[in-house]
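Engineer: Got a structure for you, written out below as structure tokens; questions coming shortly.
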6 protein chains.
Amino acid sequence: MKQLEETAGKIRSMEIRGAGRIARAAAAELRDYATRLGVDDISLFNEKMKHAAGILARTRPTAVSLPNAVRSVMRYKGDSIEEARADIVKLANKFISNSENAVKRIGEIGARRVRDGDTIMTHCNSSAAFSIMAEAHSQGKNISVIATESRPRLQGHLTVKQLDGFGIKTSLIVDSAVRYFMKDVDLVVVGADAVTANGSVINKIGTSQLALAASEARTNFIVAAETYKFSPTSILGELVEIEERDSGEVVSTVKHAEFPGVKVRNPAFDVTPREYVDLICTEVGAIPPEMAYIIIKDFLGWGIEEMNSAVRE
Amino acid sequence: MKQLEETAGKIRSMEIRGAGRIARAAAAELRDYATRLGVDDISLFNEKMKHAAGILARTRPTAVSLPNAVRSVMRYKGDSIEEARADIVKLANKFISNSENAVKRIGEIGARRVRDGDTIMTHCNSSAAFSIMAEAHSQGKNISVIATESRPRLQGHLTVKQLDGFGIKTSLIVDSAVRYFMKDVDLVVVGADAVTANGSVINKIGTSQLALAASEARTNFIVAAETYKFSPTSILGELVEIEERDSGEVVSTVKHAEFPGVKVRNPAFDVTPREYVDLICTEVGAIPPEMAYIIIKDFLGWGIEEMNSAVRE
Amino acid sequence: MKQLEETAGKIRSMEIRGAGRIARAAAAELRDYATRLGVDDISLFNEKMKHAAGILARTRPTAVSLPNAVRSVMRYKGDSIEEARADIVKLANKFISNSENAVKRIGEIGARRVRDGDTIMTHCNSSAAFSIMAEAHSQGKNISVIATESRPRLQGHLTVKQLDGFGIKTSLIVDSAVRYFMKDVDLVVVGADAVTANGSVINKIGTSQLALAASEARTNFIVAAETYKFSPTSILGELVEIEERDSGEVVSTVKHAEFPGVKVRNPAFDVTPREYVDLICTEVGAIPPEMAYIIIKDFLGWGIEEMNSAVRE
Amino acid sequence: MKQLEETAGKIRSMEIRGAGRIARAAAAELRDYATRLGVDDISLFNEKMKHAAGILARTRPTAVSLPNAVRSVMRYKGDSIEEARADIVKLANKFISNSENAVKRIGEIGARRVRDGDTIMTHCNSSAAFSIMAEAHSQGKNISVIATESRPRLQGHLTVKQLDGFGIKTSLIVDSAVRYFMKDVDLVVVGADAVTANGSVINKIGTSQLALAASEARTNFIVAAETYKFSPTSILGELVEIEERDSGEVVSTVKHAEFPGVKVRNPAFDVTPREYVDLICTEVGAIPPEMAYIIIKDFLGWGIEEMNSAVRE
Amino acid sequence: MKQLEETAGKIRSMEIRGAGRIARAAAAELRDYATRLGVDDISLFNEKMKHAAGILARTRPTAVSLPNAVRSVMRYKGDSIEEARADIVKLANKFISNSENAVKRIGEIGARRVRDGDTIMTHCNSSAAFSIMAEAHSQGKNISVIATESRPRLQGHLTVKQLDGFGIKTSLIVDSAVRYFMKDVDLVVVGADAVTANGSVINKIGTSQLALAASEARTNFIVAAETYKFSPTSILGELVEIEERDSGEVVSTVKHAEFPGVKVRNPAFDVTPREYVDLICTEVGAIPPEMAYIIIKDFLGWGIEEMNSAVRE
Amino acid sequence: MKQLEETAGKIRSMEIRGAGRIARAAAAELRDYATRLGVDDISLFNEKMKHAAGILARTRPTAVSLPNAVRSVMRYKGDSIEEARADIVKLANKFISNSENAVKRIGEIGARRVRDGDTIMTHCNSSAAFSIMAEAHSQGKNISVIATESRPRLQGHLTVKQLDGFGIKTSLIVDSAVRYFMKDVDLVVVGADAVTANGSVINKIGTSQLALAASEARTNFIVAAETYKFSPTSILGELVEIEERDSGEVVSTVKHAEFPGVKVRNPAFDVTPREYVDLICTEVGAIPPEMAYIIIKDFLGWGIEEMNSAVRE
């Protein structure tokens, strides 16, 4: 229990961070906990596992990947402790390996949508989106990328650095210039923080503006998202909470002192409706956003009952 | 001639800058030149005036307000030098006073479109747009304003400072958050750098994204523009050239060195098509964008012939 | 002056009512007042006329037709009282006769847009819209009309009665069924209470829903409006005030007592934006809504200065 | 058989009415019939059950909930009569209890989409839609509701009475005022009479106008629908028949006599296409309309074969 | 009179054909007729001119350019026959020379909208549209053109031949491939057979499909039209009649015999609504389609009264 | 093996052609091969079957129906050769019979969407689309059809011949006239060459223009497609390759010689995005395009793993 508490603590304190890393840590911890668990009775074993799962799931209530990881392991079956343990190990390892390979696999699938000569626009810094562009480039397709700077945190600088380092022709623009350049863009590729059951994409603030401008210009808009980004609780109506971050990200304290009455609003994400999304590229295939529930059900293994309890706990 | 050359020089070197100030300087210079002009023959007088007008008009070929100012004075009439001179003085003074009062008058007209309780979004820093918000506030209407920071030059900081200083409830957002907040906006008010004969609005990069998002959410979109911003040459097909500014505005040299292969694209303006503009507020009235030519013809006094020569010269 | 006061009183008390009738009464009164006016000095004459015009114009500040009628007469010219009086008589009579013939003329012009076999939808009860349908029918075109009942005051009953009496095949539907039937409609024809300088149409609540549904189904949408319905003050930004009428029109007092906490909202008009209007049929021609200002300037004779004073007075 | 005939008779004569009540009565009758059934042979038992199911299913051929109820029970399994009977009882009771709880559950799920301060628009009178608003209000969210009167039968009066009685701030408007108020609405919530396999929503006439106006203004549009409202036969191309009701609902006989040639058209429902629906709230989760088939397959248990026979019988 | 009758006969029999040629022939004939006219009385002169104008105008009632030509000459002024005759000669010659230069001038104006590297799509065979492309090419802009074959008469073959002969990179496609290629098109340029007062463009069947596909892809759509193509009678509601041409153009008699019951529908033109047209390039400037009435009034010289009589005659 | 090689050869050489026929030939060959296969060991049997399946699947790599047929048979199960063989026979026969009945079944399902009096538009020549129209006509529904000629290969001639022969009222139009007639069309019905996992429809060039024009006019757009047209590999991102066919189809060599520099572009298909498709009619039901993956999974039996291998092989 102590080790599990430690892992939980690291997730809570953000020592372990990032959607993928959190998810894999939780799955691994459940696996190891099951292995260590010295009880004789299968009922007791199951109860303890459930308790442990609850602790891990509650560490970061808004992280979409966490309940998906926990759920992936907890759908183990077994009449004896041995069987249960074996299944847990298998499920946890499968989740971890899938998760580790997801970005690479998304790259392979997504790169098929890129044609030689394409100009791609991207926003913020997404490893899954990068994987698609890098894979297309590696296949010898001659692409060029337009990346937004992505205020307020300027993650676009990181993106253009990576693309430049990889040898891809890249331009950097301010976020306001998205519509100006969109007419000459062939494909938009962005990542996702979460995907809801009705196909909405939650991603870095500004994403929905790219999608709107792409739709206006008949430009394809692709979202690169690992399956563990799909939110099971959204099917129960849960709204994805849009976090507002510190005003200091937008304007320095010194500057802000020049207009003290002004409120700085700094939402971190926005919601892109499904009608602006042509395709979501996951590691198990490229789906239309309306099929998000299939991913939640078939690949994440959530039934209605489990989702209900997940929400209620 | 020397003084005229001096004024021309100051406009050229941008010692005199800003659409309104340039225009008034040119009109005043033509007036003063006419007053000083020591010739006896009306034909010679007309010729010299035309020559002077040409010099002034060519100082800043892309400034829309300049040919409008020159044209306003040069449509003087007179059979004798005295008559011509008198008309020039009258026309120049009228242009100057109209121009000086334009922003105030736009405020009065535009404020009638603002209702008590409105949330207004604005972009960049426009004195005409500010005039509308300030006048509405002065009339006791309880408004609140959401201003974009307007990268790369952050003119939004200036805007929120002015609004805050004026006592208007104000929020500051990054440019990417425009669509996120648009659903709760009642009215968008922006300025213009130029308005073309087919009703397109040339303004700070990002304006067309506000307009697109406003249109998507059925939010009224108003442009505040002095009549001297209307481009007569656009009726002859002239495309408004979108200037690309220095990359240093977007990313510092030090930072750029981290991704040397990356090209920084920095267009200063974009073009908002007429279907996204509900109204253009000028000092002579609030018109639909499709009526831009009427302003050019009736208020700026351009006939087809004059526009032709203006383009050809 | 006494008679003028009487006429003003009748307009104020709504003894004289209806956009056309009000307008003609005011024009006639100004004419008769000028005829009766026993002064010798043209300046005094002009001043008295201006005073009289002001009294009439202020009787019903929101009636669009009133300032148009007054303006039509007050643009008289004349160096002597005789000349002025003669011009006034001419202008007043011309306005009155134009106004009386307007509906008939709109019928002739509008009927040209109706094709044999057309299904027309209409809303509320407009004599100008009726004139178009009646004229098309009289020309032997086989048309059928779908009329909304037009809650809350059920003016649709009056419309279907008139159409039925005229021998036109007619159906009556509830207002909610507009979109249901729109797919099979060839043309929508409605009237207008006012048209603004930017081409918006103010008409009976529900009109903008017809326009939206027509636009969705690529159905032509025609507005029938006499030129005196065009609002000159709207060019100065004036918003057309949407009157909310008595709740008793929507729900009887007895019924309302069953849900006393419920507020009844009863706006009389709504605003149809220009992008949903294909054509405005006036007695001087069929124009696109964006040309509304031309009607105001060329046919109603308003210059910017007059509009300014009209608003300020 | 007599009792079954009686129940069938009551459904046929509309003594038992309402989508939910009909469905539960049929399920209960099948259960009781199975319990009473005095046969020894399982084949005979099955045959008799099938016969009974057919009788009940045919009582109201257009009621969507009826075949869903019958199907829910008839997918029982069992090698012996005892097993079959037990399964029938279990399935019937589960269907009845799910159906009874559906409205409450929809309220819980739907209320998560309502934010504090929201203005909600609703149409007609739907218990499932009411459940969402009531639950949101009970959770302490400060909401206000705009309800249409819903001509011709004015079910909106019932709705505002219920909302008012529940302490929710409510306004009543005519159906024509939907677009007028839509700009200030945050969320539209309506019920459904039926949902088809391609995600179309059949509901009270006027619903599709709300949806169109919501879409124009970027307002979320939510449908509250119990799963038994989903039409399995629609996957086989079956068009949902739109019933036209009596003209007397629209205009009294006395009034109609004033325009005897006028036809009154009174369609009871209209069809809202899936692109205007953001979410369908069912008791098993909130889904995008495109997922309707999943509900039909996974929750109602219809396979292609069963649907085929259902249509052909 | 005999010579006038001859000219009228040649226009009627289509010996003289083509919008421009017809118009110039009529203007020249009126001029020559005035010169020959041996009468002494100015009233008689005017009457005879009016009679002659009527004969010419009636030769081809649906040709838009004809009444424009006649009107251009007939607005002559003069108190004596000498003055009248001189004005007629001046007006006729001006019309003829404007008309002859129109195509060249449209090329100059339109070419300013073409940017280096543009891919242009065109439809059918229009000399005004060709003029724009040729002028842009002559200025050294590197353009490439995609031309539709323009069934049924395959005028696209003529277009590609001209473009190819001029050295412009050209592709030929079937009309069905318009949307397929539109995503990569920068500008659409087409001609016009007529432009109506509300900005609709009547042109070769298929034009409205190009416009729709251009609008879907945010591609600019430019119409090249000489001012004499603007229809003055359309302001009076006149619908432009869409001629259906011989079925033999679509399918040979031999082929048609294989499916004798099949009706061949062969409309020659379609109507492109103003919302899909960005700009109309005329020889007097590039205007938004909503300004069509200004061309009719200011450049063609039609007042409401003249248009009325034109329609009624 | 020899016979299998022969069948493979016939498919490769297009002796056996057509999506349906290819598929049935492959299924039959696998069945017969299994029957002939003289091995004793089930592992060896499975291996040989897999090898045979690979040979057949690779004959026409772009034919969508081929992998579907092979997959349908290869999901056989069996612990012994007898069991396996029996299952293969059953699966192959089921696929063949389903495929043979598909067009008839699509007709029955699709005809339910056709209402008495409907005007239907169709494009190219599709047996599945024809089946819907023929079935509706056979049921006594009074329909009329507008068929495009479908350049360049004029398959529309074949379509109108079939419809005419069947006694259906038919018109033939050029492809450019689609938007002209769309306003009066009630329903568009077309076939499909392939349907992708995200609901895009690949069909004859021009189909997407019909869909766009239908969407603009709120006209329902139905695609008739056998399930074996659904592309399993598209879920892995695979783009459907659009073949460009010989220029001789568009313009004869003789004609082409008149403009030798002109490139003829002749894409055979285009892609219709899912937002323009109301329904896809398959033999197992009418689904929204977003459900394409369900067809691929539930009816074609592809799991993610199988699709992966299919793509990789």
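Simple scheme: letters A, B, ... for chains in structure tokens order, numbers from 1 for residues in each chain, numbers from 1 for ligands in the order shown.
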Please list as a VMD selection string every residue within 7 Å of segment 14-28 of chain A, counting only C-alpha atoms and excluding residues in the same chain fewer than 4 positions away.

Structural biologist: chain A and resid 10 32 56 65 to 66 69 to 70 73 92 96 99

Engineer: Quick one: which residues from chain B are at most 9 Å off chain C, using only C-alpha atoms, as a list in words?

Structural biologist: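 Matching residues, ligands excluded from the count: Glu108, Ile109, Gly110, Ala111, Arg112, Arg113, Val114, Glu275, Asp278, Leu279, Cys281, Glu283, Val284, Gly285, Ala286, Ile287, Pro288, Pro289, Glu290 and Met291 of chain B.
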
Engineer: Give me a file of those residues, with N, CA, C and O atoms, as a short mmCIF file (atom, residue, chain, number, x, y, z; two decimals), in the first residue's frame.

Structural biologist:
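Saved file selection.cif follows:
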```
data_model
loop_
_atom_site.label_atom_id
_atom_site.label_comp_id
_atom_site.auth_asym_id
_atom_site.auth_seq_id
_atom_site.Cartn_x
_atom_site.Cartn_y
_atom_site.Cartn_z
N GLU B 108 -20.47 59.18 -32.08
CA GLU B 108 -21.89 59.48 -31.87
C GLU B 108 -22.81 58.54 -32.65
O GLU B 108 -23.81 58.06 -32.15
N ILE B 109 -22.43 58.32 -33.91
CA ILE B 109 -23.26 57.45 -34.76
C ILE B 109 -23.19 56.01 -34.29
O ILE B 109 -24.21 55.33 -34.13
N GLY B 110 -21.98 55.55 -34.05
CA GLY B 110 -21.79 54.15 -33.67
C GLY B 110 -22.41 53.82 -32.31
O GLY B 110 -22.92 52.72 -32.10
N ALA B 111 -22.36 54.78 -31.38
CA ALA B 111 -22.87 54.52 -30.03
C ALA B 111 -24.36 54.20 -30.06
O ALA B 111 -24.88 53.53 -29.16
N ARG B 112 -25.05 54.67 -31.09
CA ARG B 112 -26.49 54.35 -31.19
C ARG B 112 -26.73 52.86 -31.43
O ARG B 112 -27.83 52.38 -31.21
N ARG B 113 -25.73 52.15 -31.92
CA ARG B 113 -25.87 50.70 -32.15
C ARG B 113 -25.57 49.90 -30.89
O ARG B 113 -25.70 48.67 -30.89
N VAL B 114 -25.07 50.55 -29.85
CA VAL B 114 -24.72 49.85 -28.61
C VAL B 114 -25.91 49.92 -27.66
O VAL B 114 -26.49 50.98 -27.47
N GLU B 275 -19.39 40.02 -46.66
CA GLU B 275 -20.51 39.27 -46.10
C GLU B 275 -20.40 39.09 -44.58
O GLU B 275 -21.37 38.70 -43.94
N ASP B 278 -21.55 43.84 -40.89
CA ASP B 278 -22.93 44.29 -40.85
C ASP B 278 -23.06 45.76 -41.21
O ASP B 278 -24.04 46.17 -41.82
N LEU B 279 -22.07 46.54 -40.84
CA LEU B 279 -22.21 47.99 -40.94
C LEU B 279 -20.83 48.60 -40.92
O LEU B 279 -19.95 48.16 -40.19
N CYS B 281 -19.36 52.20 -39.91
CA CYS B 281 -19.69 53.50 -39.31
C CYS B 281 -18.70 54.55 -39.80
O CYS B 281 -17.52 54.49 -39.43
N GLU B 283 -18.11 58.95 -40.55
CA GLU B 283 -18.57 60.21 -39.95
C GLU B 283 -19.78 60.78 -40.69
O GLU B 283 -20.43 61.70 -40.20
N VAL B 284 -20.11 60.22 -41.86
CA VAL B 284 -21.28 60.72 -42.56
C VAL B 284 -22.44 59.72 -42.53
O VAL B 284 -23.44 59.89 -43.24
N GLY B 285 -22.30 58.70 -41.72
CA GLY B 285 -23.41 57.77 -41.60
C GLY B 285 -22.96 56.33 -41.52
O GLY B 285 -21.79 56.01 -41.78
N ALA B 286 -23.89 55.48 -41.14
CA ALA B 286 -23.61 54.05 -41.00
C ALA B 286 -24.14 53.35 -42.24
O ALA B 286 -25.33 53.37 -42.51
N ILE B 287 -23.26 52.75 -43.00
CA ILE B 287 -23.65 52.16 -44.29
C ILE B 287 -23.34 50.67 -44.33
O ILE B 287 -22.47 50.18 -43.61
N PRO B 288 -24.06 49.93 -45.17
CA PRO B 288 -23.64 48.55 -45.41
C PRO B 288 -22.37 48.58 -46.26
O PRO B 288 -22.17 49.51 -47.04
N PRO B 289 -21.51 47.57 -46.14
CA PRO B 289 -20.22 47.62 -46.85
C PRO B 289 -20.38 47.72 -48.36
O PRO B 289 -19.53 48.28 -49.05
N GLU B 290 -21.49 47.18 -48.88
CA GLU B 290 -21.70 47.21 -50.34
C GLU B 290 -21.84 48.64 -50.86
O GLU B 290 -21.75 48.87 -52.06
N MET B 291 -22.07 49.61 -49.96
CA MET B 291 -22.25 51.00 -50.40
C MET B 291 -20.94 51.77 -50.40
O MET B 291 -20.94 53.00 -50.55
#
```

Engineer: Figure out the distance between atom CA of Val262 of chain C and atom CA of Ser171 of chain D, please, to one decimal in Å.

Structural biologist: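 Calculated distance between atom CA of Ser171 of chain D and atom CA of Val262 of chain C is 5.4 Å.
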
Engineer: Figure out the distance between atom CA of Phe230 of chain F and atom CA of Val195 of chain D, please, to one decimal in Å.

Structural biologist: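 For atom CA of Val195 of chain D relative to atom CA of Phe230 of chain F, the distance reads 25.2 Å.
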
Engineer: Env of segment 134-140 of chain C: 6 Å cut, atoms = only C-alpha atoms, seq-sep filter 3 positions within chain, self excluded. Answer as a PyMOL selection string.

Structural biologist: chain C and resi 107+111+130-131

Engineer: Could you tell me how far atom CA of Thr148 of chain A sits from atom CA of Thr62 of chain A, in Å to one decimal place?

Structural biologist: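 About the pair atom CA of Thr62 of chain A and atom CA of Thr148 of chain A: they are 26.7 Å apart.
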
Engineer: When you look at Met121 of chain F with a cut-off of 9 Å (counting only C-alpha atoms), what residues show up, excluding the ones that are within fewer than 3 positions of it in the same chain? I need them as a list in words.

Structural biologist: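 In the requested form, the answer reads Ser144, Val145, Ile146, Ala147, Thr148, Val178, Phe181, Met182, Val185, Asp186, Leu187, Val188, Val189, Val190 and Leu210 of chain F.
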
Engineer: Name all residues at most 7 Å from Ser176 of chain F (count only C-alpha atoms; drop same-chain ones fewer than 4 positions away) and give them as a PyMOL selection string.

Structural biologist: chain E and resi 175+205-206

Engineer: Please produce a file of those selected residues containing N, CA and C atoms, as a PDB file, in the first residue's frame.

Structural biologist:
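Everything below was put into part_2.pdb:
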```pdb
ATOM      1  N   ASP E 175     -17.325  19.265 -67.240  1.00  0.00           N
ATOM      2  CA  ASP E 175     -18.048  20.164 -66.342  1.00  0.00           C
ATOM      3  C   ASP E 175     -18.280  19.553 -64.961  1.00  0.00           C
ATOM      4  N   ILE E 205     -25.168  28.120 -68.844  1.00  0.00           N
ATOM      5  CA  ILE E 205     -25.551  27.051 -67.920  1.00  0.00           C
ATOM      6  C   ILE E 205     -24.290  26.439 -67.281  1.00  0.00           C
ATOM      7  N   GLY E 206     -24.303  26.296 -65.979  1.00  0.00           N
ATOM      8  CA  GLY E 206     -23.161  25.744 -65.248  1.00  0.00           C
ATOM      9  C   GLY E 206     -22.419  26.801 -64.460  1.00  0.00           C
TER      10      GLY E 206
END
```

Engineer: Enumerate, as a list in words, the complete set of residues in segment 1-237 of chain E that a backbone-based DSSP assignment places in strand (DSSP E).

Structural biologist: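 The residues of segment 1-237 of chain E classed as strand (DSSP E) are Thr119, Ile120, Met121, Thr122, Ser144, Val145, Ile146, Ala147, Thr148, Lys169, Thr170, Ser171, Leu172, Ile173, Leu187, Val188, Val189, Val190, Ala194, Val195, Val201, Ile202, Asn203, Lys204, Asn220, Phe221, Ile222, Val223 and Ala224 of chain E.
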
Engineer: Out of E:Glu82, E:Asp184, E:Glu226, E:Asp40, which residue has the shortest atom-to-atom distance to Ile296 of chain E when counting only C-alpha atoms?

Structural biologist: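 Closest to Ile296 of chain E, using only C-alpha atoms: E:Glu226.
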
Engineer: I want to know what sits within 12 Å of Thr170 of chain F, based on only C-alpha atoms, with residues of the same chain fewer than 6 positions away left out; could you give that as a VMD selection string?

Structural biologist: (chain E and resid 259 to 265) or (chain F and resid 119 to 122 133 142 to 148 156 to 157 159 to 164)

Engineer: Can you pull out every residue within 12 Å of Ile55 of chain C, counting only C-alpha atoms, but drop anything in the same chain fewer than 6 positions away, and send it as a ChimeraX atom specification?

Structural biologist: /C:1-2,4-9,11-12,26,29-30,48-49,61,66-67,70,313

Engineer: Pull C-alpha atoms from the residues just selected and write them as a compact mmCIF listing (two decimals), in the first residue's frame.

Structural biologist:
```txt
# COMPACT_ATOMS: atom_id res chain seq x y z
CA MET C 1 -52.28 76.92 -36.89
CA LYS C 2 -55.39 75.60 -35.23
CA LEU C 4 -52.55 72.00 -38.12
CA GLU C 5 -52.73 71.36 -34.38
CA GLU C 6 -55.92 69.42 -34.97
CA THR C 7 -54.32 67.22 -37.61
CA ALA C 8 -51.29 66.72 -35.38
CA GLY C 9 -53.64 65.75 -32.56
CA ILE C 11 -52.13 61.59 -35.65
CA ARG C 12 -50.95 61.60 -32.05
CA ALA C 26 -49.07 65.22 -42.81
CA GLU C 29 -51.68 69.45 -43.84
CA LEU C 30 -48.35 71.09 -44.71
CA LYS C 48 -43.26 79.19 -40.03
CA MET C 49 -43.22 76.23 -42.39
CA PRO C 61 -41.59 59.83 -33.15
CA LEU C 66 -43.95 60.64 -41.04
CA PRO C 67 -40.51 62.27 -41.40
CA VAL C 70 -42.59 66.00 -44.04
CA GLU C 313 -34.35 67.75 -33.34
```

Engineer: Select from segment 43-240 of chain E everything DSSP, run on the backbone, classes as helix (DSSP H, G or I), then give the selection as a ChimeraX atom specification.

Structural biologist: /E:43-57,65-74,81-111,127-138,155-165,175-182,207-216,227-229,232-236

Engineer: For the residues in that selection, give me C-alpha atoms as a short mmCIF file (atom, residue, chain, number, x, y, z; two decimals), in the first residue's frame.

Structural biologist:
```
data_model
loop_
_atom_site.label_atom_id
_atom_site.label_comp_id
_atom_site.auth_asym_id
_atom_site.auth_seq_id
_atom_site.Cartn_x
_atom_site.Cartn_y
_atom_site.Cartn_z
CA SER E 43 -40.52 68.49 -82.46
CA LEU E 44 -40.94 66.50 -85.61
CA PHE E 45 -37.27 65.56 -85.47
CA ASN E 46 -37.64 64.29 -81.93
CA GLU E 47 -40.73 62.35 -82.81
CA LYS E 48 -39.07 60.69 -85.78
CA MET E 49 -36.03 59.81 -83.71
CA LYS E 50 -38.27 58.27 -81.07
CA HIS E 51 -40.04 56.24 -83.73
CA ALA E 52 -36.74 55.03 -85.16
CA ALA E 53 -35.47 54.13 -81.69
CA GLY E 54 -38.60 52.08 -81.09
CA ILE E 55 -38.11 50.12 -84.31
CA LEU E 56 -34.53 49.25 -83.43
CA ALA E 57 -35.31 48.42 -79.80
CA SER E 65 -27.47 45.39 -74.95
CA LEU E 66 -29.96 46.77 -77.46
CA PRO E 67 -32.10 49.02 -75.24
CA ASN E 68 -28.90 50.18 -73.56
CA ALA E 69 -27.46 51.29 -76.88
CA VAL E 70 -30.68 53.01 -77.97
CA ARG E 71 -31.06 54.69 -74.59
CA SER E 72 -27.46 55.94 -74.68
CA VAL E 73 -28.13 57.83 -77.89
CA MET E 74 -31.68 58.91 -77.14
CA ILE E 81 -32.09 70.25 -84.81
CA GLU E 82 -28.43 71.18 -85.19
CA GLU E 83 -27.79 70.89 -81.48
CA ALA E 84 -29.74 67.65 -81.23
CA ARG E 85 -27.97 66.14 -84.21
CA ALA E 86 -24.57 67.11 -82.84
CA ASP E 87 -25.38 65.61 -79.46
CA ILE E 88 -26.65 62.42 -81.07
CA VAL E 89 -23.44 62.04 -83.07
CA LYS E 90 -21.38 62.65 -79.97
CA LEU E 91 -23.37 60.22 -77.81
CA ALA E 92 -23.47 57.49 -80.45
CA ASN E 93 -19.76 57.73 -81.15
CA LYS E 94 -18.99 57.70 -77.45
CA PHE E 95 -21.13 54.62 -76.95
CA ILE E 96 -19.48 52.85 -79.90
CA SER E 97 -15.98 53.67 -78.84
CA ASN E 98 -16.66 52.77 -75.19
CA SER E 99 -18.13 49.49 -76.30
CA GLU E 100 -15.18 48.74 -78.56
CA ASN E 101 -12.72 49.50 -75.82
CA ALA E 102 -14.72 47.81 -73.07
CA VAL E 103 -13.16 44.38 -73.38
CA LYS E 104 -9.63 45.79 -73.39
CA ARG E 105 -10.40 48.03 -70.41
CA ILE E 106 -11.98 45.13 -68.47
CA GLY E 107 -8.77 43.21 -69.11
CA GLU E 108 -6.69 45.99 -67.59
CA ILE E 109 -8.91 46.35 -64.54
CA GLY E 110 -9.44 42.64 -64.00
CA ALA E 111 -5.78 41.73 -64.43
CA SER E 127 -13.96 37.54 -74.60
CA ALA E 128 -14.08 39.74 -71.49
CA ALA E 129 -12.91 36.92 -69.25
CA PHE E 130 -10.23 36.02 -71.78
CA SER E 131 -9.09 39.64 -71.81
CA ILE E 132 -8.38 39.49 -68.07
CA MET E 133 -6.36 36.30 -68.35
CA ALA E 134 -4.47 37.46 -71.42
CA GLU E 135 -3.62 40.83 -69.88
CA ALA E 136 -2.37 39.17 -66.67
CA HIS E 137 -0.22 36.84 -68.77
CA SER E 138 1.09 39.74 -70.86
CA GLN E 155 -17.26 26.36 -76.20
CA GLY E 156 -14.48 25.36 -73.80
CA HIS E 157 -12.59 23.93 -76.80
CA LEU E 158 -12.50 27.43 -78.28
CA THR E 159 -11.33 28.85 -74.97
CA VAL E 160 -8.46 26.43 -74.49
CA LYS E 161 -7.41 26.94 -78.10
CA GLN E 162 -7.24 30.70 -77.58
CA LEU E 163 -5.39 30.35 -74.28
CA ASP E 164 -3.00 27.78 -75.71
CA GLY E 165 -2.38 29.98 -78.72
CA ASP E 175 -18.05 20.16 -66.34
CA SER E 176 -18.56 17.55 -63.63
CA ALA E 177 -14.98 17.99 -62.43
CA VAL E 178 -15.44 21.60 -61.30
CA ARG E 179 -15.71 20.84 -57.57
CA TYR E 180 -12.89 18.25 -57.79
CA PHE E 181 -10.41 20.89 -58.95
CA MET E 182 -11.86 23.91 -57.09
CA THR E 207 -21.87 29.13 -64.13
CA SER E 208 -23.87 29.01 -60.90
CA GLN E 209 -22.29 25.63 -60.09
CA LEU E 210 -18.82 27.11 -60.42
CA ALA E 211 -19.92 29.95 -58.17
CA LEU E 212 -21.37 27.62 -55.57
CA ALA E 213 -18.25 25.44 -55.52
CA ALA E 214 -16.04 28.54 -55.34
CA SER E 215 -18.01 29.88 -52.41
CA GLU E 216 -17.73 26.51 -50.63
CA THR E 227 -21.79 47.81 -68.82
CA TYR E 228 -24.20 47.29 -71.72
CA LYS E 229 -24.89 43.81 -70.29
CA PRO E 232 -32.38 48.17 -66.87
CA THR E 233 -35.77 46.48 -67.02
CA SER E 234 -34.84 44.09 -64.25
CA ILE E 235 -35.30 46.90 -61.76
CA LEU E 236 -38.97 46.77 -62.66
#
```
